[in-house]
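> Below you'll find the structure I mean.
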Amino acid sequence: MTEILIVGGGYAGLYTALHLEKSTRRRHVHVTLVDPRPYMTYQPFLPEVVSGAVEPRHTLVSLRRHLRTTTLVPATVTDIDHAHRTVRARALDGRALRFDYDIIVVTAGAVTRTFAIPGLAEHAIGLKNVEEAVAIRDRLLTAFERAAVLPDGPERARLLTVTFVGGGFSGVEGFGEALSLATEQLRYYPEIRQEELEFHLIEARDRILPEVTDKPGRWVVERLRTRGAHVHLNTQLVSAVGGHVVLSTGEAFDSDLIVWTAGNAANGVVANHTDLPVDDRGYLVTRPDLRIGTDDAIVADAWAAGDNAAIPDLAVGNDTLTVPNAQHAVRQARLLAANIAAVLDGDEPRNYTHAGLGVVATLGRGDGLFQYKRLVIRGWPAWAMHRGYHVLAVPTWERKVRVLLGWFGAFVGRRDIVSPATTVTPFDAPAGTTPLDVHVDTKVA
């Protein structure tokens with residue numbers, strides 16, 4: 001029995017396992033997938049989780065429900081020793097685990113890139129997983145409730161100030177959806193004025209959305225500004241101590257909600273705890289056929305795909321690497337599974353090449369941007385294209401139907417602005433209630 005071990009259950013991990021189950025059905029192959037979470041997160045929907053357009057659970061795809069023959073292990077990988085074909089991991093209860101394998105597939109993904117900025121770790125929220133998206137939404141809705149009963153002053157202004165750091169797709173989409181949610185819910189808060197909302201988007205470079213060309217990028221900046229947002233270009237976050245935001249331009253303000261979306265970094269295990277070759281950024285050196293290694297030195301029985309792999313983009317050339325997004329991860333996973341099956345049969349693997357289908361971004365309800373080469377579509381049509389593409393791309397028909405029904409309900413009944421924040425910390429109940437809100441009968445039976 002050939003033992004294949006997959007490290008990571010994101011896009012690339014899930015799809016690799018799915019296609020391995022099909023392509024190796026008649027072979028003596030066993031697949032094990034190790035990931036601490038029992039689900040894959042469809043990250044392109046996280047900005048719409050922030051605004052409430054998509055239910056949090058509908059962005060998640062159960063690994064156990066869709067992987068039939070793969071052994072799933074809920075654990076965090078701590079070390080990859082390919083020289084001895086061994087992976088060490090830590091179970092959820094802290095136990096040390098060891099896995100021996102014949103073939104390894106590394107699809108551990110990337111992590112949020114952070115810097116040693118004072119106050120950042122204590123006060124900022126990322127936008128990398130569904131828990132963070134829910135936390136951002138709850139913080140924003142709760143801030144409205146608290147601000148509505150306060151008089152004008154510093155505390156009220158702080159509650160109504162939102163700061164996003166990072167002008168890539170994740171930051172711009174999350175910012176646009178949060179701004180859309182805040183603007184739309186003003187109708188339910190007559191105590192709060194439109195001009196009191198302070199939304200700041202901070203980007204260190206001179207432009208946002210590096211995946212699009214200059215003109216569409218400038219249009220997005222102006223679009224956000226016409227909706228009342230402050231877009232700070234060529235600006236860095238200097239400090240966030242106590243929620244007090246200080247910018248490199250000298251501007252400073254208090255912000256109740258700070259969201260950090262300033263790019264990705266290499267997964268720590270891949271960058272620091274493996275003997276597999278990595279580049280100077282900590283990403284796995286990967287060939288076009290998705291085997292780890294270089295043209296001159298192939299690492300036997302080691303494969304990679306997704307955000308943790310530096311894969312040459314043959315469709316672009318010029319030593320360009322594939323962009324870390326779902327579009328590439330899903331297609332790489334399909335080819336990776338087929339290439340493993342081919343190698344097991346004694347055939348040669350094929351190179352990965354995929355011409356991008358363009359980029360599409362949501363800027364909030366009814367607003368978006370799409371670009372494919374020189375074709376640029378803006379506004380409502382681009383927003384509809386964003387929804388159409390991602391509802392087709394989200395895995396499984398069951399999830400597609402749930403997302404569509406949620407969108408239909410929001411269209412008919414308007415946006416849901418309820419924030420059940422206490423479901424996350426149920427013992428932090430509102431004043432006047434107890435953690436166990438029951439009647440205690442003191443009479444003896």
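Letters A, B, ... go to the chains of the structure tokens in the order shown; residues in each chain start at 1; ligands are counted from 1 in the same order.
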From the DSSP assignment of the backbone, select every residue of region 155-374 of chain A that is strand (DSSP E or B), and format the answer as a PDB file with C-alpha atoms, in the first residue's frame.

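Listed below is the output, part-v1.pdb:
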```pdb
ATOM      1  CA  THR A 161     -14.116  54.790  13.297  1.00  0.00           C
ATOM      2  CA  VAL A 162     -13.008  51.729  11.327  1.00  0.00           C
ATOM      3  CA  THR A 163      -9.471  51.146  10.021  1.00  0.00           C
ATOM      4  CA  PHE A 164      -8.326  48.607   7.420  1.00  0.00           C
ATOM      5  CA  VAL A 165      -4.590  48.228   6.817  1.00  0.00           C
ATOM      6  CA  GLU A 198     -14.962  57.412   9.672  1.00  0.00           C
ATOM      7  CA  PHE A 199     -13.627  54.609   7.455  1.00  0.00           C
ATOM      8  CA  HIS A 200      -9.865  54.573   6.796  1.00  0.00           C
ATOM      9  CA  LEU A 201      -8.063  52.346   4.279  1.00  0.00           C
ATOM     10  CA  ILE A 202      -4.261  52.465   4.681  1.00  0.00           C
ATOM     11  CA  HIS A 230     -10.568  57.985   3.569  1.00  0.00           C
ATOM     12  CA  VAL A 231      -7.971  56.189   1.420  1.00  0.00           C
ATOM     13  CA  HIS A 232      -4.385  56.791   2.583  1.00  0.00           C
ATOM     14  CA  LEU A 237       0.730  52.186  10.239  1.00  0.00           C
ATOM     15  CA  VAL A 238       3.212  53.278  12.905  1.00  0.00           C
ATOM     16  CA  SER A 239       1.338  52.380  16.091  1.00  0.00           C
ATOM     17  CA  HIS A 244      -4.923  54.840  18.951  1.00  0.00           C
ATOM     18  CA  VAL A 245      -3.883  54.742  15.291  1.00  0.00           C
ATOM     19  CA  VAL A 246      -0.758  56.678  14.333  1.00  0.00           C
ATOM     20  CA  LEU A 247       0.181  56.932  10.637  1.00  0.00           C
ATOM     21  CA  ALA A 252      -3.617  60.076  14.341  1.00  0.00           C
ATOM     22  CA  PHE A 253      -7.078  58.997  15.483  1.00  0.00           C
ATOM     23  CA  ASP A 254      -8.782  56.478  17.779  1.00  0.00           C
ATOM     24  CA  LEU A 257     -12.052  48.344  14.896  1.00  0.00           C
ATOM     25  CA  ILE A 258      -8.650  47.754  13.276  1.00  0.00           C
ATOM     26  CA  VAL A 259      -8.393  45.093  10.556  1.00  0.00           C
ATOM     27  CA  TRP A 260      -4.989  43.921   9.300  1.00  0.00           C
ATOM     28  CA  ASN A 264       0.507  36.884   3.129  1.00  0.00           C
ATOM     29  CA  ALA A 265       3.606  35.269   4.579  1.00  0.00           C
ATOM     30  CA  ALA A 266       5.003  31.765   4.324  1.00  0.00           C
ATOM     31  CA  THR A 274      11.241  21.152   7.059  1.00  0.00           C
ATOM     32  CA  VAL A 278      12.412  26.798   0.255  1.00  0.00           C
ATOM     33  CA  LEU A 284       8.555  25.722  -1.261  1.00  0.00           C
ATOM     34  CA  VAL A 285      10.648  25.685  -4.436  1.00  0.00           C
ATOM     35  CA  THR A 286       8.293  23.932  -6.853  1.00  0.00           C
ATOM     36  CA  ARG A 291       7.080  18.360  -7.890  1.00  0.00           C
ATOM     37  CA  ILE A 292       9.191  20.065  -5.232  1.00  0.00           C
ATOM     38  CA  GLY A 293      12.665  20.965  -6.434  1.00  0.00           C
ATOM     39  CA  ILE A 298      13.946  16.997  -8.151  1.00  0.00           C
ATOM     40  CA  VAL A 299      12.992  15.992  -4.616  1.00  0.00           C
ATOM     41  CA  ALA A 300      11.617  12.491  -5.018  1.00  0.00           C
ATOM     42  CA  ASP A 301       8.047  11.813  -3.860  1.00  0.00           C
ATOM     43  CA  ALA A 302       7.443  15.410  -2.698  1.00  0.00           C
ATOM     44  CA  TRP A 303       4.745  17.608  -4.218  1.00  0.00           C
ATOM     45  CA  ALA A 304       3.264  21.027  -3.458  1.00  0.00           C
ATOM     46  CA  ALA A 309       4.370  26.862  -3.142  1.00  0.00           C
ATOM     47  CA  ALA A 310       6.462  29.052  -5.454  1.00  0.00           C
ATOM     48  CA  PRO A 312       6.424  29.177 -12.140  1.00  0.00           C
ATOM     49  CA  LEU A 321       5.167  32.879 -10.116  1.00  0.00           C
ATOM     50  CA  VAL A 359      -9.869  39.470 -11.616  1.00  0.00           C
ATOM     51  CA  VAL A 360     -13.134  40.475 -10.005  1.00  0.00           C
ATOM     52  CA  ALA A 361     -13.735  42.291  -6.728  1.00  0.00           C
ATOM     53  CA  THR A 362     -16.729  43.345  -4.683  1.00  0.00           C
ATOM     54  CA  GLY A 368     -17.608  46.015  -7.979  1.00  0.00           C
ATOM     55  CA  LEU A 369     -14.800  45.822 -10.499  1.00  0.00           C
ATOM     56  CA  PHE A 370     -13.876  43.230 -13.132  1.00  0.00           C
ATOM     57  CA  GLN A 371     -10.834  43.257 -15.412  1.00  0.00           C
ATOM     58  CA  TYR A 372      -9.690  40.797 -18.054  1.00  0.00           C
TER      59      TYR A 372
END
```
> Show which residues sit within 8 Å of Thr249 (chain A), as number ranges by chain. Count only C-alpha atoms, and ignore same-chain residues fewer than 2 positions away.
A: 235-236, 247, 251
> CA of Leu290 (chain A) and CA of Asn339 (chain A), how far apart in Å?
8.3 Å
> Please report, as a Markdown table, each residue of region 31-129 of chain A lying at most 10 Å from region 411-419 of chain A, together with the nearest pair of atoms and the separation in Å rounded to one decimal; use only C-alpha atoms, and order rows by chain and ascending residue number.

```
| residue | atom | partner | partner_atom | distance |
| --- | --- | --- | --- | --- |
| A:Ser51 | CA | A:Arg415 | CA | 8.4 |
| A:Gly52 | CA | A:Asp416 | CA | 6.5 |
| A:Ala53 | CA | A:Arg415 | CA | 7.2 |
```
> Could you give me, as a ChimeraX atom specification, the residues within 9 Å of Gly171 (chain A), counting only C-alpha atoms and dropping anything in the same chain fewer than 2 positions from it?
/A:47,127,164-169,173-176,201,259-263
> Using only C-alpha atoms, can you tell me which of A:Tyr352, A:Pro277, A:Gly409, A:Val220 comes closest to Gly364 (chain A)?
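Answer, going by the shortest atom-to-atom distance: A:Val220.
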> Would you please work out which residue, of A:Ala116, A:Val376, A:Leu336, A:Ile80, is nearest to Lys215 (chain A) when using only C-alpha atoms?
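Closest residue, counting only C-alpha atoms: A:Val376.
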> Might you pull out every residue within 8 Å of Ala143 (chain A), with only C-alpha atoms counted and same-chain residues fewer than 4 positions away left off, and present them as a count of residues only?
5
> Compare A:Ala305, A:Val149, A:Leu405, A:Leu179 by their minimum atom-to-atom distance to Gln332 (chain A), counting only C-alpha atoms, and give me the closest one.
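Of A:Ala305, A:Val149, A:Leu405, A:Leu179, the one nearest Gln332 (chain A), counting only C-alpha atoms, is A:Ala305.
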> Which residue out of A:Gly126, A:Pro38, A:Gly366, A:Pro56 has the minimum interatomic distance to Val403 (chain A) when only C-alpha atoms are used?
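So, comparing all the options, the nearest one is A:Pro56.
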> Quick one: everything within 8 Å of Arg207 (chain A), counting only C-alpha atoms, minus sequence neighbours fewer than 6 positions away in the same chain. Send it as number ranges by chain.
A: 167, 214, 217-218, 233-234
> Could you state the separation of CA of Glu155 (chain A) and CA of Glu203 (chain A) in Å, given to one decimal place?
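Separation between CA of Glu155 (chain A) and CA of Glu203 (chain A): 25.8 Å.
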> My list of candidates is A:Arg90, A:Arg193, A:Lys128, A:His386. Which is closest to Gly109 (chain A) when distances are computed with only C-alpha atoms?
A:Lys128
> Please return as a PyMOL selection string: the residues of region 168-241 of chain A that backbone DSSP assigns to helix (DSSP H, G or I).
chain A and resi 169-188+194-196+214-226+241
> In Å, how far is it from CA of Ile103 (chain A) to CA of Leu5 (chain A)?
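Atom-to-atom, CA of Ile103 (chain A) and CA of Leu5 (chain A) are spaced 6.3 Å apart.
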